[in-house]
>>> print(open('final-v8.cif').read())   # mmCIF, N, CA and C atoms, pLDDT in the B column; chains and numbers go by the auth columns
data_data
loop_
_atom_site.group_PDB
_atom_site.id
_atom_site.type_symbol
_atom_site.label_atom_id
_atom_site.label_comp_id
_atom_site.label_asym_id
_atom_site.label_seq_id
_atom_site.Cartn_x
_atom_site.Cartn_y
_atom_site.Cartn_z
_atom_site.B_iso_or_equiv
_atom_site.auth_seq_id
_atom_site.auth_asym_id
ATOM 1 N N MET A 1 63.066 -10.276 171.223 40.00 1 A
ATOM 2 C CA MET A 1 63.617 -9.222 170.409 40.00 1 A
ATOM 3 C C MET A 1 63.144 -9.418 168.977 40.00 1 A
ATOM 4 N N ASN A 2 62.383 -8.495 168.448 44.00 2 A
ATOM 5 C CA ASN A 2 61.948 -8.551 167.066 44.00 2 A
ATOM 6 C C ASN A 2 62.926 -7.790 166.194 44.00 2 A
ATOM 7 N N GLN A 3 63.161 -8.322 165.029 49.00 3 A
ATOM 8 C CA GLN A 3 64.069 -7.683 164.096 49.00 3 A
ATOM 9 C C GLN A 3 63.422 -7.725 162.724 49.00 3 A
ATOM 10 N N ASP A 4 63.372 -6.594 162.055 47.00 4 A
ATOM 11 C CA ASP A 4 62.806 -6.533 160.715 47.00 4 A
ATOM 12 C C ASP A 4 63.951 -6.550 159.718 47.00 4 A
ATOM 13 N N TYR A 5 64.050 -7.646 158.976 51.00 5 A
ATOM 14 C CA TYR A 5 65.117 -7.776 158.006 51.00 5 A
ATOM 15 C C TYR A 5 64.792 -7.076 156.698 51.00 5 A
ATOM 16 N N GLY A 6 63.557 -6.695 156.505 53.00 6 A
ATOM 17 C CA GLY A 6 63.176 -6.018 155.274 53.00 6 A
ATOM 18 C C GLY A 6 63.145 -6.947 154.088 53.00 6 A
ATOM 19 N N SER A 7 63.049 -6.362 152.921 54.00 7 A
ATOM 20 C CA SER A 7 62.885 -7.162 151.712 54.00 7 A
ATOM 21 C C SER A 7 64.155 -7.897 151.296 54.00 7 A
ATOM 22 N N GLY A 8 65.301 -7.590 151.888 61.00 8 A
ATOM 23 C CA GLY A 8 66.549 -8.229 151.493 61.00 8 A
ATOM 24 C C GLY A 8 66.802 -9.574 152.143 61.00 8 A
ATOM 25 N N LEU A 9 65.966 -9.998 153.071 69.00 9 A
ATOM 26 C CA LEU A 9 66.173 -11.273 153.755 69.00 9 A
ATOM 27 C C LEU A 9 65.888 -12.427 152.820 69.00 9 A
ATOM 28 N N SER A 10 66.798 -13.388 152.797 78.00 10 A
ATOM 29 C CA SER A 10 66.543 -14.605 152.028 78.00 10 A
ATOM 30 C C SER A 10 66.200 -15.732 152.990 78.00 10 A
ATOM 31 N N VAL A 11 65.496 -16.713 152.487 83.00 11 A
ATOM 32 C CA VAL A 11 65.112 -17.857 153.304 83.00 11 A
ATOM 33 C C VAL A 11 66.368 -18.581 153.797 83.00 11 A
ATOM 34 N N ASP A 12 67.426 -18.570 153.009 86.00 12 A
ATOM 35 C CA ASP A 12 68.671 -19.230 153.406 86.00 12 A
ATOM 36 C C ASP A 12 69.200 -18.710 154.736 86.00 12 A
ATOM 37 N N GLU A 13 68.897 -17.475 155.064 90.00 13 A
ATOM 38 C CA GLU A 13 69.368 -16.900 156.324 90.00 13 A
ATOM 39 C C GLU A 13 68.643 -17.481 157.541 90.00 13 A
ATOM 40 N N LEU A 14 67.534 -18.177 157.316 94.00 14 A
ATOM 41 C CA LEU A 14 66.822 -18.824 158.423 94.00 14 A
ATOM 42 C C LEU A 14 67.440 -20.178 158.777 94.00 14 A
ATOM 43 N N ILE A 15 68.157 -20.775 157.830 94.00 15 A
ATOM 44 C CA ILE A 15 68.778 -22.077 158.070 94.00 15 A
ATOM 45 C C ILE A 15 69.768 -21.950 159.226 94.00 15 A
ATOM 46 N N GLY A 16 69.635 -22.846 160.186 94.00 16 A
ATOM 47 C CA GLY A 16 70.512 -22.835 161.350 94.00 16 A
ATOM 48 C C GLY A 16 69.947 -22.087 162.548 94.00 16 A
ATOM 49 N N LEU A 17 68.844 -21.359 162.354 95.00 17 A
ATOM 50 C CA LEU A 17 68.212 -20.675 163.484 95.00 17 A
ATOM 51 C C LEU A 17 67.271 -21.631 164.198 95.00 17 A
ATOM 52 N N THR A 18 67.138 -21.456 165.498 96.00 18 A
ATOM 53 C CA THR A 18 66.242 -22.315 166.272 96.00 18 A
ATOM 54 C C THR A 18 64.790 -21.914 166.030 96.00 18 A
ATOM 55 N N ALA A 19 63.901 -22.840 166.336 97.00 19 A
ATOM 56 C CA ALA A 19 62.472 -22.559 166.225 97.00 19 A
ATOM 57 C C ALA A 19 62.103 -21.371 167.111 97.00 19 A
ATOM 58 N N TRP A 20 62.691 -21.303 168.291 97.00 20 A
ATOM 59 C CA TRP A 20 62.416 -20.183 169.198 97.00 20 A
ATOM 60 C C TRP A 20 62.808 -18.869 168.546 97.00 20 A
ATOM 61 N N HIS A 21 63.981 -18.829 167.952 95.00 21 A
ATOM 62 C CA HIS A 21 64.467 -17.596 167.333 95.00 21 A
ATOM 63 C C HIS A 21 63.576 -17.193 166.153 95.00 21 A
ATOM 64 N N ILE A 22 63.244 -18.150 165.292 95.00 22 A
ATOM 65 C CA ILE A 22 62.395 -17.844 164.132 95.00 22 A
ATOM 66 C C ILE A 22 61.037 -17.337 164.574 95.00 22 A
ATOM 67 N N GLN A 23 60.482 -17.937 165.612 94.00 23 A
ATOM 68 C CA GLN A 23 59.167 -17.539 166.098 94.00 23 A
ATOM 69 C C GLN A 23 59.184 -16.114 166.640 94.00 23 A
ATOM 70 N N HIS A 24 60.327 -15.644 167.091 92.00 24 A
ATOM 71 C CA HIS A 24 60.427 -14.303 167.670 92.00 24 A
ATOM 72 C C HIS A 24 60.894 -13.243 166.672 92.00 24 A
ATOM 73 N N LEU A 25 61.103 -13.614 165.428 89.00 25 A
ATOM 74 C CA LEU A 25 61.493 -12.652 164.401 89.00 25 A
ATOM 75 C C LEU A 25 60.265 -12.060 163.721 89.00 25 A
ATOM 76 N N THR A 26 60.408 -10.855 163.230 87.00 26 A
ATOM 77 C CA THR A 26 59.406 -10.259 162.357 87.00 26 A
ATOM 78 C C THR A 26 59.875 -10.544 160.942 87.00 26 A
ATOM 79 N N LEU A 27 59.206 -11.479 160.290 87.00 27 A
ATOM 80 C CA LEU A 27 59.625 -11.913 158.959 87.00 27 A
ATOM 81 C C LEU A 27 58.838 -11.192 157.880 87.00 27 A
ATOM 82 N N PRO A 28 59.449 -11.018 156.716 85.00 28 A
ATOM 83 C CA PRO A 28 58.717 -10.399 155.613 85.00 28 A
ATOM 84 C C PRO A 28 57.630 -11.343 155.098 85.00 28 A
ATOM 85 N N PRO A 29 56.677 -10.835 154.335 86.00 29 A
ATOM 86 C CA PRO A 29 55.636 -11.699 153.773 86.00 29 A
ATOM 87 C C PRO A 29 56.224 -12.648 152.734 86.00 29 A
ATOM 88 N N GLY A 30 55.529 -13.747 152.538 88.00 30 A
ATOM 89 C CA GLY A 30 55.947 -14.725 151.545 88.00 30 A
ATOM 90 C C GLY A 30 55.687 -16.125 152.041 88.00 30 A
ATOM 91 N N ASP A 31 55.382 -17.021 151.113 91.00 31 A
ATOM 92 C CA ASP A 31 55.036 -18.393 151.478 91.00 31 A
ATOM 93 C C ASP A 31 56.137 -19.101 152.254 91.00 31 A
ATOM 94 N N ALA A 32 57.374 -18.947 151.835 90.00 32 A
ATOM 95 C CA ALA A 32 58.478 -19.641 152.504 90.00 32 A
ATOM 96 C C ALA A 32 58.639 -19.159 153.940 90.00 32 A
ATOM 97 N N PHE A 33 58.553 -17.851 154.144 92.00 33 A
ATOM 98 C CA PHE A 33 58.682 -17.316 155.496 92.00 33 A
ATOM 99 C C PHE A 33 57.500 -17.740 156.364 92.00 33 A
ATOM 100 N N GLU A 34 56.316 -17.769 155.777 94.00 34 A
ATOM 101 C CA GLU A 34 55.137 -18.205 156.519 94.00 34 A
ATOM 102 C C GLU A 34 55.243 -19.684 156.885 94.00 34 A
ATOM 103 N N SER A 35 55.788 -20.503 155.993 95.00 35 A
ATOM 104 C CA SER A 35 55.981 -21.929 156.291 95.00 35 A
ATOM 105 C C SER A 35 56.948 -22.117 157.445 95.00 35 A
ATOM 106 N N ALA A 36 58.051 -21.387 157.417 96.00 36 A
ATOM 107 C CA ALA A 36 59.051 -21.486 158.489 96.00 36 A
ATOM 108 C C ALA A 36 58.470 -21.025 159.821 96.00 36 A
ATOM 109 N N SER A 37 57.739 -19.940 159.800 95.00 37 A
ATOM 110 C CA SER A 37 57.130 -19.413 161.019 95.00 37 A
ATOM 111 C C SER A 37 56.067 -20.369 161.569 95.00 37 A
ATOM 112 N N HIS A 38 55.253 -20.926 160.680 96.00 38 A
ATOM 113 C CA HIS A 38 54.213 -21.884 161.086 96.00 38 A
ATOM 114 C C HIS A 38 54.846 -23.124 161.730 96.00 38 A
ATOM 115 N N ALA A 39 55.892 -23.654 161.097 97.00 39 A
ATOM 116 C CA ALA A 39 56.579 -24.826 161.647 97.00 39 A
ATOM 117 C C ALA A 39 57.217 -24.498 163.001 97.00 39 A
ATOM 118 N N ALA A 40 57.801 -23.314 163.117 97.00 40 A
ATOM 119 C CA ALA A 40 58.406 -22.912 164.389 97.00 40 A
ATOM 120 C C ALA A 40 57.341 -22.828 165.481 97.00 40 A
ATOM 121 N N ASP A 41 56.182 -22.293 165.161 97.00 41 A
ATOM 122 C CA ASP A 41 55.083 -22.225 166.133 97.00 41 A
ATOM 123 C C ASP A 41 54.697 -23.625 166.618 97.00 41 A
ATOM 124 N N ILE A 42 54.611 -24.559 165.688 97.00 42 A
ATOM 125 C CA ILE A 42 54.243 -25.940 166.030 97.00 42 A
ATOM 126 C C ILE A 42 55.302 -26.564 166.932 97.00 42 A
ATOM 127 N N LEU A 43 56.558 -26.348 166.594 97.00 43 A
ATOM 128 C CA LEU A 43 57.635 -26.917 167.419 97.00 43 A
ATOM 129 C C LEU A 43 57.631 -26.316 168.820 97.00 43 A
ATOM 130 N N LEU A 44 57.435 -25.018 168.932 97.00 44 A
ATOM 131 C CA LEU A 44 57.381 -24.393 170.256 97.00 44 A
ATOM 132 C C LEU A 44 56.231 -24.945 171.081 97.00 44 A
ATOM 133 N N ALA A 45 55.100 -25.152 170.457 97.00 45 A
ATOM 134 C CA ALA A 45 53.933 -25.681 171.168 97.00 45 A
ATOM 135 C C ALA A 45 54.171 -27.102 171.678 97.00 45 A
ATOM 136 N N ASN A 46 55.161 -27.787 171.089 96.00 46 A
ATOM 137 C CA ASN A 46 55.457 -29.167 171.475 96.00 46 A
ATOM 138 C C ASN A 46 56.816 -29.301 172.169 96.00 46 A
ATOM 139 N N ASN A 47 57.318 -28.195 172.688 95.00 47 A
ATOM 140 C CA ASN A 47 58.573 -28.163 173.459 95.00 47 A
ATOM 141 C C ASN A 47 59.802 -28.589 172.664 95.00 47 A
ATOM 142 N N PHE A 48 59.832 -28.261 171.378 95.00 48 A
ATOM 143 C CA PHE A 48 60.999 -28.505 170.537 95.00 48 A
ATOM 144 C C PHE A 48 61.643 -27.180 170.130 95.00 48 A
ATOM 145 N N ASP A 49 61.642 -26.213 171.037 93.00 49 A
ATOM 146 C CA ASP A 49 62.104 -24.866 170.703 93.00 49 A
ATOM 147 C C ASP A 49 63.581 -24.762 170.374 93.00 49 A
ATOM 148 N N SER A 50 64.396 -25.729 170.774 94.00 50 A
ATOM 149 C CA SER A 50 65.837 -25.651 170.500 94.00 50 A
ATOM 150 C C SER A 50 66.231 -26.315 169.177 94.00 50 A
ATOM 151 N N TYR A 51 65.253 -26.868 168.459 96.00 51 A
ATOM 152 C CA TYR A 51 65.551 -27.475 167.156 96.00 51 A
ATOM 153 C C TYR A 51 65.843 -26.383 166.130 96.00 51 A
ATOM 154 N N MET A 52 66.836 -26.629 165.284 96.00 52 A
ATOM 155 C CA MET A 52 67.268 -25.668 164.283 96.00 52 A
ATOM 156 C C MET A 52 66.762 -26.064 162.898 96.00 52 A
ATOM 157 N N LEU A 53 66.375 -25.073 162.124 97.00 53 A
ATOM 158 C CA LEU A 53 65.899 -25.314 160.765 97.00 53 A
ATOM 159 C C LEU A 53 67.063 -25.800 159.903 97.00 53 A
ATOM 160 N N ALA A 54 66.881 -26.953 159.272 95.00 54 A
ATOM 161 C CA ALA A 54 67.913 -27.523 158.403 95.00 54 A
ATOM 162 C C ALA A 54 67.516 -27.429 156.929 95.00 54 A
ATOM 163 N N GLU A 55 66.234 -27.655 156.646 94.00 55 A
ATOM 164 C CA GLU A 55 65.741 -27.625 155.265 94.00 55 A
ATOM 165 C C GLU A 55 64.326 -27.071 155.249 94.00 55 A
ATOM 166 N N LEU A 56 64.020 -26.324 154.207 93.00 56 A
ATOM 167 C CA LEU A 56 62.666 -25.829 153.991 93.00 56 A
ATOM 168 C C LEU A 56 62.307 -26.145 152.548 93.00 56 A
ATOM 169 N N TRP A 57 61.302 -26.987 152.364 93.00 57 A
ATOM 170 C CA TRP A 57 60.932 -27.460 151.043 93.00 57 A
ATOM 171 C C TRP A 57 59.848 -26.574 150.435 93.00 57 A
ATOM 172 N N ALA A 58 59.798 -26.540 149.130 90.00 58 A
ATOM 173 C CA ALA A 58 58.827 -25.699 148.422 90.00 58 A
ATOM 174 C C ALA A 58 57.381 -26.092 148.726 90.00 58 A
ATOM 175 N N ASP A 59 57.156 -27.353 149.083 93.00 59 A
ATOM 176 C CA ASP A 59 55.782 -27.807 149.368 93.00 59 A
ATOM 177 C C ASP A 59 55.343 -27.511 150.802 93.00 59 A
ATOM 178 N N GLY A 60 56.192 -26.818 151.588 92.00 60 A
ATOM 179 C CA GLY A 60 55.829 -26.439 152.953 92.00 60 A
ATOM 180 C C GLY A 60 56.360 -27.337 154.042 92.00 60 A
ATOM 181 N N HIS A 61 56.959 -28.471 153.687 95.00 61 A
ATOM 182 C CA HIS A 61 57.594 -29.326 154.691 95.00 61 A
ATOM 183 C C HIS A 61 58.901 -28.674 155.149 95.00 61 A
ATOM 184 N N SER A 62 59.294 -28.972 156.370 96.00 62 A
ATOM 185 C CA SER A 62 60.581 -28.490 156.866 96.00 62 A
ATOM 186 C C SER A 62 61.240 -29.581 157.698 96.00 62 A
ATOM 187 N N VAL A 63 62.561 -29.529 157.757 96.00 63 A
ATOM 188 C CA VAL A 63 63.350 -30.487 158.532 96.00 63 A
ATOM 189 C C VAL A 63 64.121 -29.702 159.574 96.00 63 A
ATOM 190 N N TRP A 64 64.109 -30.214 160.791 96.00 64 A
ATOM 191 C CA TRP A 64 64.732 -29.551 161.941 96.00 64 A
ATOM 192 C C TRP A 64 65.627 -30.544 162.665 96.00 64 A
ATOM 193 N N HIS A 65 66.715 -30.058 163.257 94.00 65 A
ATOM 194 C CA HIS A 65 67.614 -30.924 164.016 94.00 65 A
ATOM 195 C C HIS A 65 68.175 -30.151 165.210 94.00 65 A
ATOM 196 N N THR A 66 68.821 -30.874 166.087 90.00 66 A
ATOM 197 C CA THR A 66 69.505 -30.237 167.217 90.00 66 A
ATOM 198 C C THR A 66 70.998 -30.405 167.019 90.00 66 A
ATOM 199 N N SER A 67 71.759 -29.674 167.784 83.00 67 A
ATOM 200 C CA SER A 67 73.213 -29.827 167.718 83.00 67 A
ATOM 201 C C SER A 67 73.646 -31.123 168.404 83.00 67 A
ATOM 202 N N ASP A 68 72.751 -31.687 169.191 79.00 68 A
ATOM 203 C CA ASP A 68 73.001 -32.958 169.875 79.00 68 A
ATOM 204 C C ASP A 68 72.676 -34.100 168.917 79.00 68 A
ATOM 205 N N GLN A 69 73.649 -34.860 168.519 73.00 69 A
ATOM 206 C CA GLN A 69 73.468 -35.926 167.531 73.00 69 A
ATOM 207 C C GLN A 69 72.602 -37.085 168.042 73.00 69 A
ATOM 208 N N GLU A 70 72.303 -37.127 169.323 74.00 70 A
ATOM 209 C CA GLU A 70 71.487 -38.207 169.880 74.00 70 A
ATOM 210 C C GLU A 70 70.005 -38.053 169.529 74.00 70 A
ATOM 211 N N HIS A 71 69.580 -36.854 169.204 80.00 71 A
ATOM 212 C CA HIS A 71 68.177 -36.615 168.894 80.00 71 A
ATOM 213 C C HIS A 71 67.909 -36.845 167.414 80.00 71 A
ATOM 214 N N VAL A 72 66.790 -37.451 167.133 89.00 72 A
ATOM 215 C CA VAL A 72 66.368 -37.736 165.768 89.00 72 A
ATOM 216 C C VAL A 72 65.862 -36.433 165.135 89.00 72 A
ATOM 217 N N PRO A 73 66.201 -36.181 163.865 93.00 73 A
ATOM 218 C CA PRO A 73 65.647 -34.993 163.188 93.00 73 A
ATOM 219 C C PRO A 73 64.127 -35.056 163.136 93.00 73 A
ATOM 220 N N LEU A 74 63.525 -33.887 163.061 95.00 74 A
ATOM 221 C CA LEU A 74 62.072 -33.783 162.970 95.00 74 A
ATOM 222 C C LEU A 74 61.690 -33.194 161.627 95.00 74 A
ATOM 223 N N GLN A 75 60.585 -33.688 161.093 96.00 75 A
ATOM 224 C CA GLN A 75 60.007 -33.111 159.897 96.00 75 A
ATOM 225 C C GLN A 75 58.656 -32.539 160.306 96.00 75 A
ATOM 226 N N VAL A 76 58.397 -31.303 159.904 97.00 76 A
ATOM 227 C CA VAL A 76 57.097 -30.687 160.172 97.00 76 A
ATOM 228 C C VAL A 76 56.373 -30.574 158.837 97.00 76 A
ATOM 229 N N THR A 77 55.179 -31.149 158.788 96.00 77 A
ATOM 230 C CA THR A 77 54.391 -31.133 157.557 96.00 77 A
ATOM 231 C C THR A 77 53.575 -29.838 157.476 96.00 77 A
ATOM 232 N N PRO A 78 53.116 -29.468 156.298 95.00 78 A
ATOM 233 C CA PRO A 78 52.312 -28.249 156.168 95.00 78 A
ATOM 234 C C PRO A 78 51.032 -28.262 157.002 95.00 78 A
ATOM 235 N N ASP A 79 50.500 -29.466 157.271 95.00 79 A
ATOM 236 C CA ASP A 79 49.279 -29.535 158.085 95.00 79 A
ATOM 237 C C ASP A 79 49.560 -29.631 159.590 95.00 79 A
ATOM 238 N N GLY A 80 50.840 -29.487 159.975 94.00 80 A
ATOM 239 C CA GLY A 80 51.180 -29.388 161.393 94.00 80 A
ATOM 240 C C GLY A 80 51.607 -30.661 162.083 94.00 80 A
ATOM 241 N N LYS A 81 51.791 -31.731 161.352 96.00 81 A
ATOM 242 C CA LYS A 81 52.250 -32.979 161.970 96.00 81 A
ATOM 243 C C LYS A 81 53.768 -32.939 162.154 96.00 81 A
ATOM 244 N N ILE A 82 54.208 -33.529 163.242 97.00 82 A
ATOM 245 C CA ILE A 82 55.634 -33.672 163.509 97.00 82 A
ATOM 246 C C ILE A 82 56.004 -35.139 163.313 97.00 82 A
ATOM 247 N N ILE A 83 56.945 -35.375 162.417 95.00 83 A
ATOM 248 C CA ILE A 83 57.390 -36.738 162.120 95.00 83 A
ATOM 249 C C ILE A 83 58.853 -36.860 162.538 95.00 83 A
ATOM 250 N N ARG A 84 59.120 -37.833 163.387 91.00 84 A
ATOM 251 C CA ARG A 84 60.508 -38.105 163.795 91.00 84 A
ATOM 252 C C ARG A 84 61.092 -39.121 162.814 91.00 84 A
ATOM 253 N N SER A 85 62.223 -38.761 162.223 78.00 85 A
ATOM 254 C CA SER A 85 62.797 -39.676 161.233 78.00 85 A
ATOM 255 C C SER A 85 64.293 -39.430 161.070 78.00 85 A
ATOM 256 N N ARG A 86 64.954 -40.479 160.683 66.00 86 A
ATOM 257 C CA ARG A 86 66.361 -40.379 160.277 66.00 86 A
ATOM 258 C C ARG A 86 66.385 -40.303 158.767 66.00 86 A
ATOM 259 N N HIS A 87 67.259 -39.485 158.230 54.00 87 A
ATOM 260 C CA HIS A 87 67.385 -39.393 156.756 54.00 87 A
ATOM 261 C C HIS A 87 68.154 -40.565 156.240 54.00 87 A
#
>>> encode(input="final-v8.cif", output="structure tokens")
Amino acid sequence: MNQDYGSGLSVDELIGLTAWHIQHLTLPPGDAFESASHAADILLANNFDSYMLAELWADGHSVWHTSDQEHVPLQVTPDGKIIRSRH
């Protein structure tokens, strides 16, 4: 299901959405939205589709987590690397 949020969508509204959900949205143009979409694509390609966006940094890094506390958070770098780390 694609949804066009238009120009009123803020990046904050992506926080808490899964990589799968973000990848299936029609997002407005902009570096932050492109970073979130790129990271979601990478996570889906690596079977991390249920991870939720927790943080999106200005430099293009993003942090993702699951609702299951047993899984380590993931960081996706702008160049597409997935780093497993605890904060």
>>> select_by_dssp(input="final-v8.cif", residues="chain A", states="alpha helix (DSSP H)", output="PyMOL selection string")
chain A and resi 19-23+31-45
>>> atom_distance(input="final-v8.cif", atom1="atom C of A:Leu14", atom2="atom N of A:Ala54")
6.8 Å
>>> residues_around(input="final-v8.cif", residues="A:Ala32", least_positions_apart="4", cutoff="8 Å", atoms="only N, CA and C atoms", output="ChimeraX atom specification")
/A:11,28,36-38,56-58,60
>>> atom_distance(input="final-v8.cif", atom1="atom CA of A:Gln75", atom2="atom CA of A:Glu13")
19.1 Å
>>> atom_distance(input="final-v8.cif", atom1="atom CA of A:Ile42", atom2="atom CA of A:Thr66")
15.9 Å
>>> decode(input="final-v8.cif", residues="stretch 41-69 of chain A", atoms="C-alpha atoms", output="mmCIF file, in the first residue's frame")
data_model
loop_
_atom_site.group_PDB
_atom_site.id
_atom_site.type_symbol
_atom_site.label_atom_id
_atom_site.label_comp_id
_atom_site.auth_asym_id
_atom_site.auth_seq_id
_atom_site.Cartn_x
_atom_site.Cartn_y
_atom_site.Cartn_z
ATOM 1 C CA ASP A 41 16.032 -1.227 1.299
ATOM 2 C CA ILE A 42 19.302 -2.545 2.743
ATOM 3 C CA LEU A 43 17.558 -4.048 5.759
ATOM 4 C CA LEU A 44 14.934 -5.756 3.596
ATOM 5 C CA ALA A 45 17.638 -7.229 1.383
ATOM 6 C CA ASN A 46 19.202 -8.740 4.519
ATOM 7 C CA ASN A 47 15.971 -10.072 6.082
ATOM 8 C CA PHE A 48 15.725 -7.381 8.773
ATOM 9 C CA ASP A 49 12.333 -6.139 7.572
ATOM 10 C CA SER A 50 10.759 -6.078 11.052
ATOM 11 C CA TYR A 51 13.352 -3.664 12.482
ATOM 12 C CA MET A 52 11.926 -0.254 13.380
ATOM 13 C CA LEU A 53 13.613 3.081 12.742
ATOM 14 C CA ALA A 54 14.806 4.542 16.052
ATOM 15 C CA GLU A 55 17.184 7.321 14.955
ATOM 16 C CA LEU A 56 18.098 9.033 11.709
ATOM 17 C CA TRP A 57 21.280 11.088 11.792
ATOM 18 C CA ALA A 58 22.079 14.080 9.600
ATOM 19 C CA ASP A 59 25.136 12.288 8.168
ATOM 20 C CA GLY A 60 22.944 9.471 6.758
ATOM 21 C CA HIS A 61 23.463 6.865 9.480
ATOM 22 C CA SER A 62 20.370 5.288 10.998
ATOM 23 C CA VAL A 63 19.660 3.124 14.038
ATOM 24 C CA TRP A 64 17.049 0.368 13.978
ATOM 25 C CA HIS A 65 15.680 -1.939 16.679
ATOM 26 C CA THR A 66 13.018 -4.572 17.208
ATOM 27 C CA SER A 67 10.352 -4.722 19.860
ATOM 28 C CA ASP A 68 12.089 -7.893 21.054
ATOM 29 C CA GLN A 69 14.755 -6.798 23.548
#
